[in-house]
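Chemist: So that we are looking at the same thing, I have put the structure below in C-alpha cells.
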Amino acid sequence: MGNSCITGAGRSNAASFPSEQTTFNWTIDGFSSLLDKGPGWTHSRVFEIMGMEWCLKLNPMVKKSGKEEYVSLKLELARSSVKPNTIVEASFMFLIYDQSYGKHRKHKVITHSFQTASTRSGTSHMIALNTLRKQSSRFLVKNSCIFGIVFIKVATVKANTISETLSVQTMNIFNEAKVHTWEIEDFYALKNPDYSPEFEVGGHTWFIRMCPSSDGNHLSIFLKMKKSNLLSRDSAKLVELTLSIKDQESDKHEKFSRPGRFQFSNNSRTWGWKKFITLEDFKDASNGYLVKGKCCIEAEVAVVGSSKTK
C-alpha cells in the first residue's frame, strides 16, 4: 500500500472551489489479498492536510441496501486534531483512479462537521465490487487500485453549547392536576381563533385556544400560557397536559383525548395539536361532541417540573 499527498491548482469556479486543493492518493497493491480477508475497515497511515491529521478508511465489502457489495470509503479526523468545544468543518470528495484514462472519477462533494462526538464521515459507496472485479475494469489494473480524497475546504469554528437541566417533581397535593372545563354554547359563533376564560394552575395563568386547522379539515386545540414575570429567559415549566372533547350524549362521560408532556416558557407559550380531531368526526352527531351547536372542551393541567438552561 502506498500513499502520496498532492497540492495542485483547483477548478476555475472560485465560488465553490478555492484556488488550491490538496489531494491524498492511496495506492493499494495486492488488492485481491485484501479481498481474501473479507469485510472490514482498513486504515491508511495518518496524514496531515490543512493543519489537521486525517485517516482514510476502506472496506471492500459493504452491502448496500442489504444486497450488492460495494468498495467503500470513510474519512476520519485523528483524535489528536479534535479539540474540546471545537468543530472542524470539512468539504471533500472521495476519488477512485481510472488507470486507463489517467484520471480520477470523483464522487459528489461531501461536507461533514467533525467534533469529539463525531470523528468519522459517513460511508461513501465508491464502486460495486462485481464491477471492480471485471476484466474490463479500468480501476483494478495488475491487482492494484488507487483511491483518494481531495480536500476543498477545512475550517475550524468554536462550538457553542447550551445545556439544560430538567428537574421532575414527585406528584403530591401541591402539584396535582387541575381540570378546567370550557363550555361553548354556540360553536358556530366562535371567532377564529377563540379563547377560553383564563384559569390558574401552578402559579401561572392559562387558557385554551381553538380554531380550524390550516387545511380546513381538522379542529386545532392548544393550551396557552399567559406571559409571566415569574419565568426568567432561561427557565421553563414542564407541564403534563390532557386536552379533551367531551361526549355530551354518553352516560359514561366518554371523551376524545390527547395527552402530552411539554415545556412552557415565555418564548414558547403554546402547545397542543394542529390536527386534534377531524371536523367530520367532531360534527358527527353519533359521537356526541357537538350537540345543537354546544360542545365542551376540557384541559387537565399539572406543572410537574422545571428546567434551567445555561
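Chain labels run A, B, ... following the order of the C-alpha cells; each chain numbers its residues from 1, and ligands are numbered from 1 in the order shown.
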Segment 20-63 of chain A near segment 92-95 of chain A within 10 Å: what's each residue's closest atom pair and its distance in Å to one decimal, counting only C-alpha atoms, ordered by chain then ascending residue number, as JSON lines?
Modeler:
```
{"residue": "A:Gln21", "atom": "CA", "partner": "A:Phe92", "partner_atom": "CA", "distance": 9.6}
{"residue": "A:Thr22", "atom": "CA", "partner": "A:Phe92", "partner_atom": "CA", "distance": 9.7}
{"residue": "A:Thr23", "atom": "CA", "partner": "A:Leu95", "partner_atom": "CA", "distance": 9.3}
{"residue": "A:Phe24", "atom": "CA", "partner": "A:Leu95", "partner_atom": "CA", "distance": 9.4}
{"residue": "A:Asn25", "atom": "CA", "partner": "A:Leu95", "partner_atom": "CA", "distance": 8.4}
{"residue": "A:Trp26", "atom": "CA", "partner": "A:Leu95", "partner_atom": "CA", "distance": 9.6}
{"residue": "A:Leu56", "atom": "CA", "partner": "A:Phe94", "partner_atom": "CA", "distance": 9.7}
```
Chemist: Limited to all heavy atoms, could you put the picked residues into a file as a compact mmCIF listing (two decimals), in the first residue's frame?
Modeler:
```txt
# COMPACT_ATOMS: atom_id res chain seq x y z
N GLN A 21 -6.19 23.07 -4.10
CA GLN A 21 -6.77 21.94 -3.38
C GLN A 21 -5.66 20.96 -3.05
O GLN A 21 -4.63 20.91 -3.72
CB GLN A 21 -7.84 21.26 -4.24
CG GLN A 21 -9.01 22.15 -4.59
CD GLN A 21 -9.95 21.49 -5.59
OE1 GLN A 21 -9.73 20.37 -6.00
NE2 GLN A 21 -10.98 22.22 -5.97
N THR A 22 -5.88 20.17 -2.02
CA THR A 22 -4.90 19.18 -1.61
C THR A 22 -5.50 17.80 -1.72
O THR A 22 -6.60 17.55 -1.21
CB THR A 22 -4.41 19.44 -0.18
OG1 THR A 22 -3.89 20.76 -0.10
CG2 THR A 22 -3.33 18.45 0.22
N THR A 23 -4.78 16.91 -2.39
CA THR A 23 -5.28 15.56 -2.63
C THR A 23 -4.38 14.54 -1.94
O THR A 23 -3.15 14.66 -1.95
CB THR A 23 -5.29 15.26 -4.15
OG1 THR A 23 -6.12 16.21 -4.80
CG2 THR A 23 -5.83 13.86 -4.42
N PHE A 24 -5.00 13.54 -1.34
CA PHE A 24 -4.28 12.40 -0.78
C PHE A 24 -4.62 11.18 -1.63
O PHE A 24 -5.79 10.82 -1.78
CB PHE A 24 -4.69 12.18 0.67
CG PHE A 24 -4.11 10.92 1.27
CD1 PHE A 24 -2.79 10.88 1.70
CD2 PHE A 24 -4.89 9.78 1.41
CE1 PHE A 24 -2.26 9.73 2.27
CE2 PHE A 24 -4.36 8.61 1.97
CZ PHE A 24 -3.04 8.60 2.40
N ASN A 25 -3.60 10.57 -2.23
CA ASN A 25 -3.78 9.35 -3.03
C ASN A 25 -3.34 8.13 -2.24
O ASN A 25 -2.32 8.17 -1.54
CB ASN A 25 -2.96 9.42 -4.33
CG ASN A 25 -3.59 10.37 -5.33
OD1 ASN A 25 -4.80 10.57 -5.33
ND2 ASN A 25 -2.75 10.95 -6.19
N TRP A 26 -4.12 7.06 -2.35
CA TRP A 26 -3.83 5.83 -1.60
C TRP A 26 -3.81 4.66 -2.58
O TRP A 26 -4.87 4.24 -3.06
CB TRP A 26 -4.90 5.64 -0.54
CG TRP A 26 -4.64 4.54 0.46
CD1 TRP A 26 -3.47 3.90 0.70
CD2 TRP A 26 -5.59 3.98 1.36
NE1 TRP A 26 -3.63 2.98 1.69
CE2 TRP A 26 -4.92 3.01 2.12
CE3 TRP A 26 -6.94 4.22 1.62
CZ2 TRP A 26 -5.55 2.25 3.10
CZ3 TRP A 26 -7.57 3.47 2.59
CH2 TRP A 26 -6.90 2.50 3.33
N LEU A 56 -7.74 7.84 6.07
CA LEU A 56 -8.71 7.32 5.12
C LEU A 56 -8.97 5.85 5.46
O LEU A 56 -8.05 5.12 5.82
CB LEU A 56 -8.17 7.45 3.70
CG LEU A 56 -9.17 7.46 2.54
CD1 LEU A 56 -10.18 8.58 2.71
CD2 LEU A 56 -8.43 7.60 1.21
```
Chemist: Among segment 60-197 of chain A, which residues carry a DSSP assignment of strand (DSSP E or B), reported as a ChimeraX atom specification?
Modeler: /A:60-64,68-77,86-98,103-106,110-115,118,120,124-128,141,144-158,164-168,178-184,194-195
Chemist: For a test of reading the model, state the distance in Å between atom CA of Ser33 of chain A and atom CA of Glu48 of chain A, rounded to one decimal.
Modeler: 27.8 Å
Chemist: For Phe199 of chain A, list every protein, DNA or RNA residue within 10 Å, evaluated using only C-alpha atoms, and leave out those in the same chain fewer than 5 positions away; present the list as a list of chain:residue names.
Modeler: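 Using only C-alpha atoms, the neighbours found are A:Lys178, A:Val179, A:His180, A:Thr181, A:His204, A:Thr205, A:Trp206, A:Phe207, A:Ile208, A:Met225, A:Lys226.
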Chemist: For Val154 of chain A, which of A:Glu198, A:Glu176, A:Glu69, A:Glu89 is the closest residue, counting only C-alpha atoms?
Modeler: A:Glu89
Chemist: Nearest to Ser257 of chain A among A:Val157, A:Ile277, A:Met171, A:Leu140, with distances taken over only C-alpha atoms: which residue is it?
Modeler: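 The answer is A:Ile277, which sits nearest to Ser257 of chain A.
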Chemist: Measuring between only C-alpha atoms, which one of A:Lys153, A:His104, A:Arg233, A:Lys274 shows the shortest distance to Met50 of chain A?
Modeler: A:Lys153
Chemist: As a list in words, please: every residue in segment 31-201 of chain A that a backbone DSSP assignment puts in alpha helix (DSSP H).
Modeler: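 Matching residues, listed in order: Phe31, Ser32, Ser33, Leu34, Leu35, Asp36, Leu129, Asn130, Thr131, Leu132 and Arg133 of chain A.
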Chemist: Between atom CA of Lys308 of chain A and atom CA of Phe264 of chain A, what is the distance in Å, rounded to a tenth?
Modeler: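 Atom CA of Lys308 of chain A sits 11.8 Å away from atom CA of Phe264 of chain A.
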Chemist: Between A:Leu238, A:Trp273, A:Arg45, A:Asp36, single out the one closest to Gln169 of chain A, counting only C-alpha atoms.
Modeler: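 Of all the options, A:Leu238 lies closest to Gln169 of chain A.
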Chemist: Excluding Val62 of chain A and residues on its chain fewer than 2 positions from it, collect all residues at most 10 Å away from it, counting only C-alpha atoms, and give them as a PyMOL selection string.
Modeler: chain A and resi 39-41+58-60+64-73+123-125+128-129
Chemist: Quick one, how far is atom CA of Ser121 of chain A from atom CA of Val141 of chain A?
Modeler: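 About the pair atom CA of Ser121 of chain A and atom CA of Val141 of chain A: they are 28.1 Å apart.
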Chemist: Choose the residue, out of A:Lys134, A:Lys292, A:Arg258, A:Arg209, that has the smallest atom-to-atom separation from Leu243 of chain A; count only C-alpha atoms.
Modeler: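 Nearest to Leu243 of chain A: A:Arg258.
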Chemist: When distances are computed from only C-alpha atoms, which of A:Ala159, A:Ile221, A:Cys296, A:Ile173 shows the smallest separation from Pro84 of chain A?
Modeler: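 Going through A:Ala159, A:Ile221, A:Cys296, A:Ile173 one by one, the smallest distance to Pro84 of chain A is for A:Ala159.
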Chemist: For Val304 of chain A, find every residue with an atom within 12 Å (counting only C-alpha atoms), except residues of its own chain fewer than 4 positions away, and show them as a ChimeraX atom specification.
Modeler: /A:166-178,201-202,236-241,261-264
